[in-house]
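S.K.: What follows is a single structure, and I will ask about it in a moment.
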Amino acid sequence: MAMTKTAVAVLTCAVSLGAVLLFGEGGNKSDDSDAAAEITGLEHAAVKADLATDRSFYEGHLAENWSGGTSYGDWETKASLLRDMSDRRNHRMESESISDVKVRVYGDAAVATYKQGYHLFDHGRRHARTVITTDTWVRQNGAWQKVASHSSQAR
């Protein structure tokens with residue numbers, strides 16, 4: 001009977017250690033740092049794309065089914081964002097900056113959070129706002145794509 005209890009204890013320890021290594025903090029910190037740096041760069045590249053009304057950035061880095069919740073209570077899709085960016089006369093980012101970018105990596109998924117200030121001309125109206133934003137990224141076929149975003153007005 002003592003042998004059985006010992007075997008069960010060893011097996012329990014082995015399974016627990018395997019779970020920690022597989023699901024816990026056993027990931028490669030170097031890979032996580034590289035991914036975080038890459039996504040931070042992509043977030044800053046998005047600001048440059050906004051200011052230049054460069055659709056190509058979003059064509060390549062937004063998932064086809066991306067959705068974004070705006071701080072005005074509206075939903076955007078990839079198609080609606082690209083449509084707006086095609087009409088510089090009625091939609092243009094006049095100034096924009098981001099700060100406090102933090103990226104948490106979970107294997108092939110990551111969450112970026114940051115503060116964003118902007119002045120936007122959109123469909124005949126000017127907007128100036130500071131928001132906090134969360135972007136969810138997924139690595140697919142070796143490239144990071146943004147799959148969801150949400151912004152709320154900052155205090």
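Ordering of the structure tokens sets the chain letters (A, B, ...); residue numbers start at 1 within each chain; ligands are numbered from 1 in the order shown.
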Excluding Ser99 (chain A) and any residue of its chain fewer than 6 positions from it, enumerate the residues within 10 Å of it, using only C-alpha atoms, and give them as a list of chain:residue names.

M.R.: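 Non-adjacent residues within range: A:His44, A:Thr113, A:Tyr114, A:Lys115, A:Gln116, A:Gly117, A:Ile132.
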
S.K.: According to DSSP computed on the backbone, where in chain A is there alpha helix (DSSP H)? Give the residues as number ranges by chain.

M.R.: A: 2-23, 29-52, 55-61, 78-85

S.K.: Take the residues that were just selected and, keeping C-alpha atoms, output them as a PDB file, in the first residue's frame.

M.R.:
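Ended up saving to out-v8.pdb:
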```
ATOM      1  CA  ALA A   2       2.893   2.387   0.760  1.00  0.00           C
ATOM      2  CA  MET A   3       4.181   1.744  -2.737  1.00  0.00           C
ATOM      3  CA  THR A   4       0.845   2.788  -4.217  1.00  0.00           C
ATOM      4  CA  LYS A   5       0.739   6.037  -2.245  1.00  0.00           C
ATOM      5  CA  THR A   6       4.295   6.836  -3.328  1.00  0.00           C
ATOM      6  CA  ALA A   7       3.478   6.103  -6.955  1.00  0.00           C
ATOM      7  CA  VAL A   8       0.387   8.318  -6.788  1.00  0.00           C
ATOM      8  CA  ALA A   9       2.399  11.137  -5.175  1.00  0.00           C
ATOM      9  CA  VAL A  10       5.130  10.897  -7.836  1.00  0.00           C
ATOM     10  CA  LEU A  11       2.570  10.791 -10.622  1.00  0.00           C
ATOM     11  CA  THR A  12       0.715  13.814  -9.157  1.00  0.00           C
ATOM     12  CA  CYS A  13       3.962  15.799  -8.948  1.00  0.00           C
ATOM     13  CA  ALA A  14       4.894  14.872 -12.499  1.00  0.00           C
ATOM     14  CA  VAL A  15       1.491  15.916 -13.869  1.00  0.00           C
ATOM     15  CA  SER A  16       1.590  19.198 -11.909  1.00  0.00           C
ATOM     16  CA  LEU A  17       5.086  20.024 -13.147  1.00  0.00           C
ATOM     17  CA  GLY A  18       4.042  19.229 -16.705  1.00  0.00           C
ATOM     18  CA  ALA A  19       1.015  21.510 -16.430  1.00  0.00           C
ATOM     19  CA  VAL A  20       3.139  24.365 -15.086  1.00  0.00           C
ATOM     20  CA  LEU A  21       5.654  23.971 -17.911  1.00  0.00           C
ATOM     21  CA  LEU A  22       2.959  23.634 -20.561  1.00  0.00           C
ATOM     22  CA  PHE A  23       0.461  26.259 -19.405  1.00  0.00           C
ATOM     23  CA  LYS A  29      10.858  35.314 -22.140  1.00  0.00           C
ATOM     24  CA  SER A  30      13.143  36.330 -25.009  1.00  0.00           C
ATOM     25  CA  ASP A  31      10.453  35.458 -27.550  1.00  0.00           C
ATOM     26  CA  ASP A  32       7.871  37.360 -25.473  1.00  0.00           C
ATOM     27  CA  SER A  33      10.147  40.425 -25.358  1.00  0.00           C
ATOM     28  CA  ASP A  34      10.694  40.261 -29.122  1.00  0.00           C
ATOM     29  CA  ALA A  35       6.936  39.967 -29.737  1.00  0.00           C
ATOM     30  CA  ALA A  36       6.196  42.834 -27.340  1.00  0.00           C
ATOM     31  CA  ALA A  37       8.757  45.034 -29.110  1.00  0.00           C
ATOM     32  CA  GLU A  38       7.292  44.125 -32.516  1.00  0.00           C
ATOM     33  CA  ILE A  39       3.728  44.931 -31.451  1.00  0.00           C
ATOM     34  CA  THR A  40       4.859  48.192 -29.829  1.00  0.00           C
ATOM     35  CA  GLY A  41       6.415  49.084 -33.188  1.00  0.00           C
ATOM     36  CA  LEU A  42       3.182  48.192 -34.984  1.00  0.00           C
ATOM     37  CA  GLU A  43       1.173  50.422 -32.640  1.00  0.00           C
ATOM     38  CA  HIS A  44       3.483  53.349 -33.431  1.00  0.00           C
ATOM     39  CA  ALA A  45       3.346  52.503 -37.149  1.00  0.00           C
ATOM     40  CA  ALA A  46      -0.468  52.705 -36.946  1.00  0.00           C
ATOM     41  CA  VAL A  47      -0.159  56.318 -35.739  1.00  0.00           C
ATOM     42  CA  LYS A  48       2.031  57.136 -38.755  1.00  0.00           C
ATOM     43  CA  ALA A  49      -0.471  55.402 -41.046  1.00  0.00           C
ATOM     44  CA  ASP A  50      -3.351  57.389 -39.528  1.00  0.00           C
ATOM     45  CA  LEU A  51      -1.548  60.701 -40.013  1.00  0.00           C
ATOM     46  CA  ALA A  52      -0.653  59.814 -43.617  1.00  0.00           C
ATOM     47  CA  ARG A  55      -4.697  52.350 -45.888  1.00  0.00           C
ATOM     48  CA  SER A  56      -2.000  49.811 -46.738  1.00  0.00           C
ATOM     49  CA  PHE A  57      -0.965  49.468 -43.091  1.00  0.00           C
ATOM     50  CA  TYR A  58      -4.491  48.461 -42.094  1.00  0.00           C
ATOM     51  CA  GLU A  59      -4.991  46.277 -45.157  1.00  0.00           C
ATOM     52  CA  GLY A  60      -1.996  44.229 -44.009  1.00  0.00           C
ATOM     53  CA  HIS A  61      -2.347  44.322 -40.227  1.00  0.00           C
ATOM     54  CA  LYS A  78     -12.123  46.700 -41.324  1.00  0.00           C
ATOM     55  CA  ALA A  79     -14.294  47.616 -44.304  1.00  0.00           C
ATOM     56  CA  SER A  80     -15.687  50.770 -42.669  1.00  0.00           C
ATOM     57  CA  LEU A  81     -12.235  51.912 -41.515  1.00  0.00           C
ATOM     58  CA  LEU A  82     -10.754  51.427 -44.999  1.00  0.00           C
ATOM     59  CA  ARG A  83     -13.744  53.219 -46.552  1.00  0.00           C
ATOM     60  CA  ASP A  84     -13.203  56.213 -44.258  1.00  0.00           C
ATOM     61  CA  MET A  85      -9.480  56.257 -45.015  1.00  0.00           C
TER      62      MET A  85
END
```

S.K.: Would you mind writing down, as a count of residues only, each residue of region 7-119 of chain A that DSSP on the backbone assigns to strand (DSSP E)?

M.R.: 38

S.K.: Which residues come within 8 Å of Gly69 (chain A), counting only C-alpha atoms, excluding same-chain residues fewer than 3 positions away, as a PDB file with N, CA and C atoms, in the first residue's frame?

M.R.:
```
ATOM      1  N   GLY A  73     -19.117  55.098 -28.783  1.00  0.00           N
ATOM      2  CA  GLY A  73     -20.164  54.089 -28.678  1.00  0.00           C
ATOM      3  C   GLY A  73     -20.551  53.449 -29.989  1.00  0.00           C
ATOM      4  N   ASP A  74     -19.682  53.540 -30.997  1.00  0.00           N
ATOM      5  CA  ASP A  74     -19.954  52.934 -32.298  1.00  0.00           C
ATOM      6  C   ASP A  74     -19.012  51.750 -32.525  1.00  0.00           C
ATOM      7  N   TRP A  75     -19.418  50.851 -33.418  1.00  0.00           N
ATOM      8  CA  TRP A  75     -18.559  49.758 -33.850  1.00  0.00           C
ATOM      9  C   TRP A  75     -17.996  50.085 -35.215  1.00  0.00           C
ATOM     10  N   GLU A  76     -16.737  49.750 -35.423  1.00  0.00           N
ATOM     11  CA  GLU A  76     -16.110  49.852 -36.741  1.00  0.00           C
ATOM     12  C   GLU A  76     -15.732  48.454 -37.199  1.00  0.00           C
ATOM     13  N   SER A 149     -10.269  45.802 -31.138  1.00  0.00           N
ATOM     14  CA  SER A 149      -9.832  47.021 -30.464  1.00  0.00           C
ATOM     15  C   SER A 149     -11.010  47.612 -29.697  1.00  0.00           C
ATOM     16  N   HIS A 150     -10.685  48.326 -28.643  1.00  0.00           N
ATOM     17  CA  HIS A 150     -11.731  49.057 -27.934  1.00  0.00           C
ATOM     18  C   HIS A 150     -11.109  50.287 -27.278  1.00  0.00           C
ATOM     19  N   SER A 151     -11.793  51.415 -27.386  1.00  0.00           N
ATOM     20  CA  SER A 151     -11.342  52.663 -26.772  1.00  0.00           C
ATOM     21  C   SER A 151     -12.434  53.240 -25.886  1.00  0.00           C
TER      22      SER A 151
END
```

S.K.: Between A:Lys146, A:Arg129, A:Arg139, A:Arg88, which has the minimum distance to Tyr72 (chain A) (counting only C-alpha atoms)?

M.R.: A:Arg129

S.K.: Quick one: everything within 9 Å of Asn65 (chain A), counting only C-alpha atoms, minus sequence neighbours fewer than 6 positions away in the same chain. Send it as a list in words.

M.R.: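 Within the cut-off, the hits are Thr77, Lys78, Val147 and Ala148 of chain A.
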
S.K.: CA of Asn141 (chain A) and CA of Val101 (chain A) are how many Å apart?

M.R.: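 Value for the CA of Asn141 (chain A)-CA of Val101 (chain A) distance: 24.8 Å.
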
S.K.: One number please: CA of Val138 (chain A) to CA of Asp54 (chain A), in Å, one decimal.

M.R.: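 Value for the CA of Val138 (chain A)-CA of Asp54 (chain A) distance: 21.8 Å.
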
S.K.: Please determine, counting only C-alpha atoms, which residue among A:Gln145, A:Thr136, A:Asn90, A:Ser97 has the shortest atom-to-atom distance to Asp122 (chain A).

M.R.: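 For Asp122 (chain A), the nearest of the candidates is A:Asn90.
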
S.K.: Quick one: everything within 8 Å of Ser95 (chain A), counting only C-alpha atoms, minus sequence neighbours fewer than 5 positions away in the same chain. Send it as a ChimeraX atom specification.

M.R.: /A:51,118-120

S.K.: Save the residues we just selected, C-alpha atoms, as a PDB file, in the first residue's frame?

M.R.:
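Result file is result.pdb:
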```pdb
ATOM      1  CA  LEU A  51      -1.548  60.701 -40.013  1.00  0.00           C
ATOM      2  CA  TYR A 118      -5.975  62.902 -31.240  1.00  0.00           C
ATOM      3  CA  HIS A 119      -7.624  65.597 -33.320  1.00  0.00           C
ATOM      4  CA  LEU A 120      -9.781  64.052 -36.028  1.00  0.00           C
TER       5      LEU A 120
END
```
